[in-house]
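Enquirer: For reference, the file work-v3.cif (mmCIF, C-alpha atoms) is included below:
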```cif
data_model
#
loop_
_atom_site.label_atom_id
_atom_site.label_comp_id
_atom_site.auth_asym_id
_atom_site.auth_seq_id
_atom_site.Cartn_x
_atom_site.Cartn_y
_atom_site.Cartn_z
CA MET A 1 217.60 30.99 -89.68
CA LEU A 2 220.63 31.03 -87.33
CA LYS A 3 222.95 30.90 -90.36
CA GLU A 4 221.13 33.84 -91.96
CA ARG A 5 221.56 35.87 -88.77
CA GLY A 6 225.25 34.98 -88.60
CA ILE A 7 224.93 33.01 -85.34
CA VAL A 8 227.59 30.55 -86.47
CA ARG A 9 230.97 29.29 -85.27
CA PRO A 10 233.72 27.42 -87.14
CA ASP A 11 233.93 23.67 -86.54
CA ALA A 12 237.59 23.81 -85.49
CA HIS A 13 238.30 20.08 -85.79
CA LYS A 14 237.28 19.71 -89.46
CA LYS A 15 239.03 20.43 -92.72
CA GLY A 16 238.21 23.93 -93.96
CA ARG A 17 236.64 24.82 -90.60
CA PRO A 18 233.01 24.87 -91.90
CA MET A 19 230.64 27.33 -90.21
CA VAL A 20 227.97 25.67 -88.03
CA PRO A 21 225.01 27.41 -86.31
CA HIS A 22 225.44 27.43 -82.51
CA GLY A 23 221.97 27.92 -81.10
CA GLY A 24 221.21 24.31 -80.15
CA GLY A 25 220.55 25.40 -76.59
CA MET A 26 217.33 27.07 -77.79
CA ALA A 27 215.98 23.73 -79.02
CA LEU A 28 216.92 22.06 -75.73
CA MET A 29 215.28 24.87 -73.73
CA ALA A 30 212.10 24.74 -75.84
CA SER A 31 211.90 20.99 -75.31
CA MET A 32 212.48 21.32 -71.56
CA THR A 33 209.80 24.01 -71.32
CA VAL A 34 207.19 21.80 -72.99
CA THR A 35 208.10 18.71 -70.91
CA SER A 36 208.15 20.79 -67.69
CA ALA A 37 204.63 22.10 -68.41
CA ILE A 38 203.33 18.59 -69.21
CA SER A 39 205.03 17.04 -66.15
CA ALA A 40 203.70 19.76 -63.82
CA TRP A 41 200.20 19.07 -65.20
CA LEU A 42 200.58 15.28 -64.85
CA TYR A 43 202.21 15.44 -61.40
CA PRO A 44 200.68 18.50 -59.63
CA PHE A 45 202.14 17.28 -56.32
CA TYR A 46 205.62 18.09 -57.68
CA SER A 47 204.69 21.25 -59.60
CA LEU A 48 206.80 23.52 -57.35
CA GLN A 49 209.90 21.33 -57.70
CA ILE A 50 209.37 21.10 -61.48
CA ALA A 51 208.99 24.89 -61.68
CA LEU A 52 212.20 25.41 -59.67
CA PHE A 53 214.04 22.90 -61.89
CA TRP A 54 212.84 24.78 -64.97
CA LEU A 55 213.70 28.21 -63.51
CA THR A 56 217.23 27.10 -62.58
CA SER A 57 217.82 25.61 -66.04
CA ALA A 58 216.28 28.68 -67.71
CA PHE A 59 218.55 31.02 -65.74
CA ALA A 60 221.67 29.09 -66.78
CA PHE A 61 220.32 29.00 -70.36
CA ALA A 62 219.93 32.81 -70.31
CA VAL A 63 223.52 33.26 -69.05
CA GLY A 64 224.73 30.95 -71.82
CA LEU A 65 222.66 32.74 -74.45
CA VAL A 66 224.22 36.08 -73.50
CA ASP A 67 227.63 34.42 -73.76
CA ASP A 68 226.74 32.98 -77.18
CA LEU A 69 225.78 36.40 -78.50
CA VAL A 70 228.17 38.68 -76.57
CA VAL A 71 231.23 36.76 -75.36
CA LEU A 72 231.57 37.00 -71.57
CA ARG A 73 234.79 36.63 -69.57
CA GLY A 74 235.25 33.22 -67.90
CA GLU A 75 234.97 34.67 -64.38
CA THR A 76 231.81 36.67 -65.25
CA LYS A 77 230.09 33.62 -66.72
CA THR A 78 230.92 31.51 -63.65
CA ALA A 79 229.79 34.26 -61.27
CA LEU A 80 226.47 34.54 -63.12
CA THR A 81 225.86 30.78 -62.95
CA VAL A 82 226.33 30.96 -59.16
CA ILE A 83 223.14 33.09 -59.04
CA ALA A 84 221.22 30.23 -60.72
CA ILE A 85 220.81 28.58 -57.29
CA LEU A 86 218.52 31.45 -56.19
CA PRO A 87 215.17 29.90 -57.30
CA ILE A 88 215.87 26.71 -55.31
CA ALA A 89 217.26 28.59 -52.29
CA LEU A 90 214.24 30.92 -52.24
CA GLY A 91 211.93 27.93 -52.69
CA ALA A 92 213.50 26.32 -49.60
CA ILE A 93 213.13 29.55 -47.62
CA PHE A 94 209.49 30.27 -48.57
CA TYR A 95 208.23 26.66 -48.85
CA PRO A 96 210.28 24.77 -46.22
CA GLY A 97 207.66 22.02 -46.03
CA THR A 98 207.97 21.22 -49.74
CA ILE A 99 211.60 22.06 -50.54
CA THR A 100 214.00 20.70 -47.94
CA LEU A 101 217.69 21.24 -48.47
CA GLY A 102 220.70 19.88 -46.59
CA ARG A 103 221.74 16.54 -45.19
CA PRO A 104 222.50 14.84 -48.52
CA ARG A 105 222.28 11.07 -48.83
CA ALA A 106 225.58 9.21 -48.50
CA PRO A 107 226.54 5.55 -48.80
CA PHE A 108 226.82 3.48 -45.58
CA VAL A 109 225.81 6.34 -43.27
CA GLY A 110 222.36 7.38 -44.52
CA ARG A 111 222.03 11.18 -44.33
CA MET A 112 225.17 13.25 -43.88
CA ARG A 113 225.11 15.74 -41.00
CA LEU A 114 225.76 18.73 -43.24
CA THR A 115 223.46 21.62 -42.38
CA ILE A 116 225.15 25.04 -42.13
CA VAL A 117 228.12 23.96 -44.26
CA TYR A 118 225.62 22.68 -46.86
CA TRP A 119 224.16 26.19 -47.24
CA LEU A 120 227.69 27.60 -47.55
CA LEU A 121 228.46 25.16 -50.38
CA LEU A 122 225.04 25.55 -52.02
CA PRO A 123 226.12 28.33 -54.47
CA LEU A 124 228.44 25.76 -56.09
CA ALA A 125 225.67 23.17 -56.50
CA ILE A 126 224.48 24.64 -59.80
CA ALA A 127 227.55 26.62 -60.90
CA GLY A 128 229.79 23.55 -60.45
CA PRO A 129 227.98 21.07 -62.71
CA ALA A 130 226.92 23.80 -65.19
CA ASN A 131 230.50 24.95 -65.79
CA ALA A 132 231.97 21.43 -65.67
CA VAL A 133 229.53 20.25 -68.39
CA ASN A 134 230.24 23.43 -70.37
CA MET A 135 234.01 22.85 -70.20
CA LEU A 136 233.64 19.34 -71.67
CA ASP A 137 231.50 20.53 -74.58
CA VAL A 138 234.54 20.31 -76.82
CA MET A 139 233.57 18.19 -79.83
CA ASN A 140 230.57 17.05 -81.84
CA GLY A 141 228.08 15.01 -79.81
CA ILE A 142 230.09 14.80 -76.58
CA MET A 143 227.84 17.01 -74.40
CA PRO A 144 224.43 15.51 -75.29
CA GLY A 145 225.90 11.97 -75.59
CA THR A 146 227.58 11.94 -72.17
CA MET A 147 224.65 13.74 -70.54
CA MET A 148 222.21 11.16 -71.92
CA VAL A 149 224.24 8.45 -70.17
CA ALA A 150 224.48 10.58 -66.99
CA SER A 151 220.68 11.17 -67.06
CA LEU A 152 220.12 7.43 -67.39
CA SER A 153 222.26 6.82 -64.31
CA ILE A 154 220.29 9.46 -62.37
CA ILE A 155 217.05 7.73 -63.45
CA ALA A 156 218.43 4.34 -62.33
CA SER A 157 219.67 5.80 -59.03
CA SER A 158 216.30 7.49 -58.44
CA TYR A 159 214.62 4.12 -59.00
CA VAL A 160 217.01 2.45 -56.53
CA LEU A 161 216.40 5.21 -53.96
CA ALA A 162 212.63 5.24 -54.64
CA GLU A 163 212.87 8.95 -55.49
CA GLU A 164 209.86 9.68 -57.71
CA LEU A 165 210.84 13.31 -58.36
CA GLY A 166 214.28 12.20 -59.57
CA LEU A 167 212.60 9.84 -62.06
CA ILE A 168 210.36 12.62 -63.42
CA LEU A 169 213.15 15.22 -63.74
CA GLY A 170 215.63 12.65 -65.07
CA PHE A 171 213.23 11.53 -67.82
CA MET A 172 212.52 15.18 -68.71
CA LEU A 173 216.23 15.85 -69.23
CA LEU A 174 216.80 12.55 -71.03
CA GLY A 175 213.87 13.19 -73.39
CA ALA A 176 215.20 16.60 -74.40
CA LEU A 177 218.70 15.17 -75.01
CA VAL A 178 217.53 12.11 -76.99
CA GLY A 179 215.57 14.32 -79.38
CA TYR A 180 218.48 16.72 -79.79
CA TYR A 181 221.45 14.31 -80.03
CA PRO A 182 221.06 13.38 -83.76
CA TYR A 183 221.57 17.04 -84.70
CA ASN A 184 224.75 17.49 -82.65
CA LYS A 185 226.46 14.11 -83.19
CA TYR A 186 229.33 13.88 -85.68
CA PRO A 187 229.19 15.66 -88.14
CA ALA A 188 227.27 18.30 -86.18
CA LYS A 189 224.48 20.21 -87.93
CA ILE A 190 224.21 22.52 -84.93
CA PHE A 191 226.37 23.38 -81.90
CA ASN A 192 224.94 23.43 -78.39
CA GLY A 193 226.41 26.81 -77.57
CA ASP A 194 227.05 27.74 -73.95
CA SER A 195 223.27 28.14 -73.62
CA GLY A 196 222.82 24.38 -74.18
CA SER A 197 225.70 23.07 -72.08
CA LEU A 198 225.15 25.42 -69.13
CA MET A 199 221.42 24.62 -69.14
CA VAL A 200 221.95 20.84 -69.11
CA GLY A 201 224.65 21.06 -66.40
CA ALA A 202 222.42 23.31 -64.28
CA GLY A 203 219.57 20.83 -64.79
CA ILE A 204 221.71 17.98 -63.41
CA GLY A 205 222.69 20.19 -60.45
CA ALA A 206 219.04 21.07 -59.77
CA ILE A 207 218.03 17.38 -59.81
CA ALA A 208 220.87 16.60 -57.40
CA VAL A 209 219.83 19.29 -54.91
CA LEU A 210 216.06 18.76 -55.18
CA THR A 211 216.29 14.96 -54.79
CA ARG A 212 219.27 14.87 -52.41
CA GLN A 213 221.38 12.95 -54.90
CA GLU A 214 224.37 15.29 -54.64
CA ILE A 215 226.90 12.49 -54.20
CA VAL A 216 225.32 10.27 -56.87
CA SER A 217 225.42 13.18 -59.34
CA LEU A 218 228.99 14.11 -58.41
CA VAL A 219 230.07 10.55 -59.21
CA ALA A 220 228.03 10.52 -62.45
CA LEU A 221 229.81 13.72 -63.54
CA ALA A 222 233.29 12.32 -62.82
CA PRO A 223 234.65 12.86 -66.39
CA GLN A 224 233.38 16.46 -66.39
CA VAL A 225 234.77 17.12 -62.90
CA LEU A 226 238.11 15.52 -63.84
CA ASN A 227 238.34 17.68 -66.97
CA ALA A 228 237.46 20.86 -65.03
CA PHE A 229 240.06 19.92 -62.42
CA PHE A 230 242.74 19.58 -65.12
CA VAL A 231 241.80 22.78 -66.94
CA VAL A 232 241.44 25.02 -63.87
CA SER A 233 244.66 23.71 -62.28
CA SER A 234 246.72 24.08 -65.46
CA ILE A 235 245.56 27.58 -66.41
CA GLY A 236 245.35 28.80 -62.83
CA GLY A 237 241.77 30.05 -62.88
CA LEU A 238 238.57 30.34 -64.88
CA LYS A 239 239.17 31.49 -68.44
CA GLU A 240 237.25 31.33 -71.69
CA HIS A 241 238.85 29.07 -74.30
CA ARG A 242 239.19 32.15 -76.50
CA GLU A 243 241.36 33.77 -73.80
CA LEU A 244 243.91 30.93 -73.85
CA GLY A 245 247.24 31.22 -75.64
CA ALA A 246 248.33 27.69 -76.59
CA ARG A 247 245.60 25.12 -77.37
CA PRO A 248 245.60 21.74 -75.56
CA ILE A 249 245.29 19.79 -78.83
CA LYS A 250 246.38 20.30 -82.44
CA VAL A 251 244.41 19.51 -85.61
CA LEU A 252 246.47 18.05 -88.46
CA SER A 253 245.63 18.54 -92.14
CA ASP A 254 243.94 15.09 -92.36
CA GLU A 255 241.59 15.98 -89.45
CA LYS A 256 243.71 13.86 -87.09
CA LEU A 257 243.96 15.27 -83.58
CA VAL A 258 247.17 15.16 -81.55
CA ALA A 259 248.09 16.36 -78.07
CA ASN A 260 249.97 19.65 -77.94
CA LEU A 261 253.36 18.78 -76.41
CA ASP A 262 254.03 22.41 -75.49
CA THR A 263 254.30 22.38 -71.68
CA SER A 264 252.61 25.80 -71.46
CA ALA A 265 249.43 24.49 -73.15
CA PRO A 266 246.51 23.91 -70.77
CA LEU A 267 245.76 20.38 -69.71
CA SER A 268 242.39 18.83 -70.48
CA LEU A 269 240.90 15.35 -70.42
CA THR A 270 241.02 15.23 -74.25
CA ARG A 271 244.73 16.11 -74.21
CA LEU A 272 245.32 13.41 -71.60
CA MET A 273 243.43 10.90 -73.80
CA LEU A 274 245.61 11.79 -76.79
CA LEU A 275 248.78 11.56 -74.69
CA LEU A 276 247.75 8.11 -73.47
CA GLY A 277 246.31 6.63 -76.65
CA GLY A 278 248.08 8.47 -79.48
CA SER A 279 246.60 10.54 -82.33
CA SER A 280 242.92 10.18 -83.10
CA ASN A 281 239.85 11.68 -84.74
CA GLU A 282 236.69 13.29 -83.37
CA ARG A 283 234.58 10.13 -83.67
CA GLU A 284 237.04 7.99 -81.67
CA ILE A 285 237.36 10.64 -78.97
CA ALA A 286 233.56 10.90 -78.67
CA LYS A 287 233.41 7.09 -78.36
CA ALA A 288 236.05 7.15 -75.59
CA TYR A 289 234.08 9.85 -73.75
CA LEU A 290 230.85 7.84 -73.98
CA LEU A 291 232.60 4.75 -72.59
CA LEU A 292 234.15 6.78 -69.76
CA GLN A 293 230.74 8.28 -69.01
CA GLY A 294 229.44 4.71 -68.84
CA VAL A 295 232.10 3.86 -66.22
CA ALA A 296 231.25 6.94 -64.12
CA SER A 297 227.51 6.26 -64.44
CA ALA A 298 227.98 2.65 -63.32
CA PHE A 299 229.78 3.91 -60.21
CA SER A 300 226.98 6.40 -59.53
CA ILE A 301 224.42 3.57 -59.59
CA ILE A 302 226.67 1.50 -57.26
CA THR A 303 226.79 4.56 -54.96
CA ALA A 304 222.97 4.63 -54.89
CA LEU A 305 222.88 0.90 -54.16
CA LEU A 306 225.33 1.39 -51.27
CA MET A 307 223.00 4.09 -49.90
CA VAL A 308 220.11 1.64 -49.81
CA MET A 309 222.24 -1.12 -48.29
CA GLY A 310 223.66 1.25 -45.65
CA MET B 311 243.98 6.00 -80.77
CA ASN B 312 243.85 2.96 -78.57
CA VAL B 313 240.36 3.62 -77.13
CA HIS B 314 240.47 0.61 -74.80
CA LYS B 315 243.80 1.66 -73.30
CA VAL B 316 242.48 5.21 -72.75
CA VAL B 317 239.21 4.04 -71.18
CA LEU B 318 241.06 1.54 -68.98
CA ALA B 319 243.59 4.12 -67.75
CA ILE B 320 241.14 6.95 -67.10
CA GLY B 321 238.50 4.48 -65.89
CA LEU B 322 241.03 3.26 -63.30
CA LEU B 323 241.61 6.86 -62.26
CA ILE B 324 237.84 7.39 -61.85
CA SER B 325 237.53 4.11 -59.90
CA SER B 326 240.30 5.11 -57.48
CA MET B 327 238.78 8.56 -57.00
CA TRP B 328 235.38 6.97 -56.32
CA ALA B 329 236.80 4.42 -53.86
CA SER B 330 238.74 7.09 -51.97
CA LEU B 331 235.64 9.33 -51.89
CA MET B 332 233.57 6.51 -50.41
CA LEU B 333 236.29 5.89 -47.83
CA ILE B 334 236.60 9.53 -46.80
CA LEU B 335 232.79 9.90 -46.57
CA TYR B 336 232.65 6.84 -44.34
CA LEU B 337 235.58 7.98 -42.17
CA VAL B 338 234.10 11.43 -41.61
CA GLU B 339 230.56 10.26 -40.89
CA ALA B 340 231.40 7.13 -38.89
CA PHE B 341 234.32 8.43 -36.83
CA VAL B 342 234.55 12.23 -36.79
CA ILE B 343 230.82 12.95 -36.55
CA LYS B 344 230.18 10.11 -34.11
CA HIS B 345 233.12 10.49 -31.76
CA VAL B 346 233.91 14.23 -31.65
CA ALA B 347 231.59 15.91 -29.18
CA VAL B 348 232.22 19.61 -29.95
CA SER B 349 230.23 20.78 -32.99
CA VAL B 350 232.80 23.34 -34.24
CA LEU B 351 235.63 20.85 -33.90
CA ARG B 352 233.56 18.25 -35.78
CA THR B 353 232.97 20.65 -38.66
CA LEU B 354 236.63 21.72 -38.77
CA LEU B 355 237.94 18.16 -38.66
CA GLY B 356 235.43 16.87 -41.20
CA MET B 357 236.01 19.72 -43.64
CA SER B 358 239.79 19.42 -43.22
CA LEU B 359 239.61 15.75 -44.19
CA TYR B 360 237.55 16.56 -47.32
CA VAL B 361 239.97 19.36 -48.27
CA LEU B 362 242.90 16.98 -47.69
CA TRP B 363 241.24 14.47 -50.03
CA LEU B 364 240.82 17.16 -52.67
CA ILE B 365 244.40 18.43 -52.34
CA SER B 366 245.87 14.94 -52.50
CA TRP B 367 243.96 14.18 -55.71
CA TYR B 368 244.89 17.56 -57.15
CA SER B 369 248.60 16.85 -56.51
CA THR B 370 248.34 13.29 -57.83
CA LEU B 371 246.67 14.41 -61.06
CA ARG B 372 249.20 17.20 -61.58
CA LEU B 373 252.10 14.80 -61.03
CA PHE B 374 250.54 12.21 -63.33
CA SER B 375 249.93 14.70 -66.12
CA SER B 376 253.39 16.27 -65.93
CA TRP B 377 254.98 12.78 -65.95
CA LEU B 378 252.91 11.89 -69.01
CA LEU B 379 253.89 15.11 -70.77
CA LYS B 380 257.59 14.57 -70.04
CA ARG B 381 257.38 10.99 -71.32
CA ARG B 382 255.75 12.09 -74.59
CA SER B 383 257.77 15.25 -75.23
CA PRO B 384 260.56 14.97 -77.81
CA PRO B 385 264.06 14.95 -76.24
CA GLN B 386 265.68 18.40 -75.97
CA HIS B 387 268.98 18.76 -77.86
CA SER B 388 271.44 21.44 -76.80
#
```
As a first step, turn the structure in this file into structure tokens.

Expert:
Amino acid sequence: MLKERGIVRPDAHKKGRPMVPHGGGMALMASMTVTSAISAWLYPFYSLQIALFWLTSAFAFAVGLVDDLVVLRGETKTALTVIAILPIALGAIFYPGTITLGRPRAPFVGRMRLTIVYWLLLPLAIAGPANAVNMLDVMNGIMPGTMMVASLSIIASSYVLAEELGLILGFMLLGALVGYYPYNKYPAKIFNGDSGSLMVGAGIGAIAVLTRQEIVSLVALAPQVLNAFFVVSSIGGLKEHRELGARPIKVLSDEKLVANLDTSAPLSLTRLMLLLGGSSNEREIAKAYLLLQGVASAFSIITALLMVMG
Amino acid sequence: MNVHKVVLAIGLLISSMWASLMLILYLVEAFVIKHVAVSVLRTLLGMSLYVLWLISWYSTLRLFSSWLLKRRSPPQHS
């Protein structure tokens, strides 16, 4: 159906650049909607938190969907994802007894004494992870694969911290990703689109804020944060990949990928990988990303353990 | 690509970032928050330390990446 409507993009890392539909985010959103409704019915005590989680993800999904259909500028997309915090912020204002924000958990010290500053940083709580996950959605299977591992670490951390809501929301996200992954893994039958990656990133951000696992989630998203750090610092701002001049990597005729040695090309984690390990293919890069995500996720669980010990 | 070498190198980078983050969190909460009496000063000092952490990692990563690029770039002939 997506192919018939022309909602397709070229798979840039394959020979002949075959056209692939890019509406995978719709499948992820549909799955999240069903699991949110079932979870709210099974756990009525958490229905408000589940609704806020869904609303936040749905807002980021809508921003991504607009970007998939009508390409938005990098700055516009980021600014719109900042607004995605509104449902949670309003929830905290109108239901302060149920939604409590601020004072995130930290290792060794218990709760951090961040109150006013927390509210000042809150707009970044959804926009940050949403855009970081979106920026690492660069090859077949990387986004759902790494996010499955990240969701598992959030589930494990929620178990360690005895955070029931984190378990529910983590399993909801994991379930949607597990069902979707076979369609996006190499060779992809469908692309996530910005609607998929922004939605999943916003979902992780919402879990972090609602369950006070901001630091655990930040550590779990280390590869995404590292990549965003590299990209933003090397291009000097937020830009769409279509707006860039030189590409960070080059595709050779045999589908081998190499780092672009042009110093003006933007830096990314993939380019760094290729500079460190030599030329490669999509499958090997996806494998390296999954292993790196495993490292970051292990550290996020250790962070949760340190919180309990402290 | 040598996947193990890549994972080891970037994994080490992630480990160092994590360890320094834990250290800075501990320093701010255990020393600044506990021992500085004035609220505004506490906030300013704490935030400055976090920003310093961010800037130092930003500079380190930039230096590391430019060193790597220079090492891999073909030599320039005049």

Enquirer: For chain A, which residues have at least one atom within 6 Å of chain B, if we go by all atoms listed in the file? Write them as a VMD selection string, please.

Expert: chain A and resid 261 273 277 to 280 288 292

Enquirer: Would you be able to write out as a list in words which residues have an atom within 9 Å of (212.9, 13.3, -59.4) in the file's coordinates, counting all atoms listed in the file?

Expert: Tyr46, Gln49, Ile50, Ile154, Ile155, Ser158, Glu163, Glu164, Leu165, Gly166, Leu167, Ile168, Leu169, Gly170, Phe171, Ile207, Ala208, Leu210 and Thr211 of chain A

Enquirer: For a cut-off of 7 Å around (220.5, 22.7, -64.0), file coordinates, pick out all residues using only C-alpha atoms and list them as a PDB file with C-alpha atoms, in the frame of the given file.

Expert:
```
ATOM      1  CA  PHE A  53     214.040  22.900 -61.890  1.00  0.00           C
ATOM      2  CA  THR A  56     217.230  27.100 -62.580  1.00  0.00           C
ATOM      3  CA  SER A  57     217.820  25.610 -66.040  1.00  0.00           C
ATOM      4  CA  ILE A 126     224.480  24.640 -59.800  1.00  0.00           C
ATOM      5  CA  ALA A 130     226.920  23.800 -65.190  1.00  0.00           C
ATOM      6  CA  MET A 199     221.420  24.620 -69.140  1.00  0.00           C
ATOM      7  CA  VAL A 200     221.950  20.840 -69.110  1.00  0.00           C
ATOM      8  CA  GLY A 201     224.650  21.060 -66.400  1.00  0.00           C
ATOM      9  CA  ALA A 202     222.420  23.310 -64.280  1.00  0.00           C
ATOM     10  CA  GLY A 203     219.570  20.830 -64.790  1.00  0.00           C
ATOM     11  CA  ILE A 204     221.710  17.980 -63.410  1.00  0.00           C
ATOM     12  CA  GLY A 205     222.690  20.190 -60.450  1.00  0.00           C
ATOM     13  CA  ALA A 206     219.040  21.070 -59.770  1.00  0.00           C
TER      14      ALA A 206
END
```

Enquirer: Write out as number ranges by chain each polymer residue whose atoms come within 7 Å of range 226-228 of chain A, counting only C-alpha atoms; drop sequence neighbours fewer than 6 positions from it.

Expert: A: 132, 135-136, 268-269

Enquirer: Show me, as a ChimeraX atom specification, the residues that have an atom within 9 Å of Ser197 in chain A when counting all atoms listed in the file, minus same-chain residues fewer than 6 positions from it.

Expert: /A:25,60-61,64,130-131,133-137,143-144

Enquirer: Can you tell me how far CA of Ala286 in chain A sits from CA of Ser157 in chain A, in Å to one decimal?

Expert: 24.6 Å

Enquirer: Report the distance between CA of Trp119 in chain A and CA of Met29 in chain A in Å, rounded to one decimal place.

Expert: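 These atoms are spaced 28.0 Å apart.
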
Enquirer: Find, counting all atoms listed in the file, the residue in A:Arg73, A:Arg113, A:Lys3, A:Arg17 that gets nearest to Ser349 in chain B.

Expert: A:Arg113

Enquirer: Starting from the displayed file, determine the output of the PyMOL selection byres ((chain A and resi 178) around 12) and express the residue list as number ranges by chain.

Expert: A: 27-28, 31-32, 141, 143-149, 151-152, 171-177, 179-185

Enquirer: So that I have them on file, write out the residues from the current selection with C-alpha atoms, as a tab-separated table (two decimals), keeping the file's coordinate frame.

Expert:
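This is the output file out_31.tsv:
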```
chain	number	residue	atom	x	y	z
A	27	ALA	CA	215.98	23.73	-79.02
A	28	LEU	CA	216.92	22.06	-75.73
A	31	SER	CA	211.90	20.99	-75.31
A	32	MET	CA	212.48	21.32	-71.56
A	141	GLY	CA	228.08	15.01	-79.81
A	143	MET	CA	227.84	17.01	-74.40
A	144	PRO	CA	224.43	15.51	-75.29
A	145	GLY	CA	225.90	11.97	-75.59
A	146	THR	CA	227.58	11.94	-72.17
A	147	MET	CA	224.65	13.74	-70.54
A	148	MET	CA	222.21	11.16	-71.92
A	149	VAL	CA	224.24	8.45	-70.17
A	151	SER	CA	220.68	11.17	-67.06
A	152	LEU	CA	220.12	7.43	-67.39
A	171	PHE	CA	213.23	11.53	-67.82
A	172	MET	CA	212.52	15.18	-68.71
A	173	LEU	CA	216.23	15.85	-69.23
A	174	LEU	CA	216.80	12.55	-71.03
A	175	GLY	CA	213.87	13.19	-73.39
A	176	ALA	CA	215.20	16.60	-74.40
A	177	LEU	CA	218.70	15.17	-75.01
A	179	GLY	CA	215.57	14.32	-79.38
A	180	TYR	CA	218.48	16.72	-79.79
A	181	TYR	CA	221.45	14.31	-80.03
A	182	PRO	CA	221.06	13.38	-83.76
A	183	TYR	CA	221.57	17.04	-84.70
A	184	ASN	CA	224.75	17.49	-82.65
A	185	LYS	CA	226.46	14.11	-83.19
```

Enquirer: Separation of CA of Ala188 in chain A and CA of Met26 in chain A, in Å?

Expert: 15.7 Å

Enquirer: Contacts of Leu121 in chain A at 12 Å or less, counting only C-alpha atoms, minus same-chain residues fewer than 5 places along, as a PyMOL selection string?

Expert: (chain A and resi 82+85+89+101-102+114-116+126-128+209+214) or (chain B and resi 357)

Enquirer: Residue by residue, what does the PyMOL selection byres ((chain A and resi 251) around 10) grab here? Present the result as a ChimeraX atom specification.

Expert: /A:12-15,249-250,252-260,279-281

Enquirer: I need the residue set behind the PyMOL selection byres ((chain A and resi 246) around 9) for this file; please write it as a PyMOL selection string.

Expert: chain A and resi 244-245+247-249+260+262+264-266

Enquirer: Would you kindly return, as a count of residues only, each protein, DNA or RNA residue with an atom no farther than 12 Å from any atom of Glu4 in chain A, considering all atoms listed in the file and excluding same-chain residues fewer than 3 positions away?

Expert: 6

Enquirer: Between A:Ile235, A:Ala150, A:Val66, A:Val109, which has the minimum distance to Pro129 in chain A (counting all atoms listed in the file)?

Expert: A:Ala150

Enquirer: I'd like to know which of A:Phe108, A:Phe230, A:Phe59, A:Phe94 is closest to Leu373 in chain B, using all atoms listed in the file.

Expert: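 Closest to Leu373 in chain B, using all atoms listed in the file: A:Phe230.
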
Enquirer: Enclose the full set of atoms of range 134-139 of chain A listed in the file within a box whose edges lie along x, y and z, apply 6 Å of padding to each of the six sides, and report centre and edge lengths in Å to one decimal as JSON.

Expert:
```
{"center_x": 232.4, "center_y": 20.8, "center_z": -75.0, "size_x": 16.3, "size_y": 17.2, "size_z": 21.6}
```
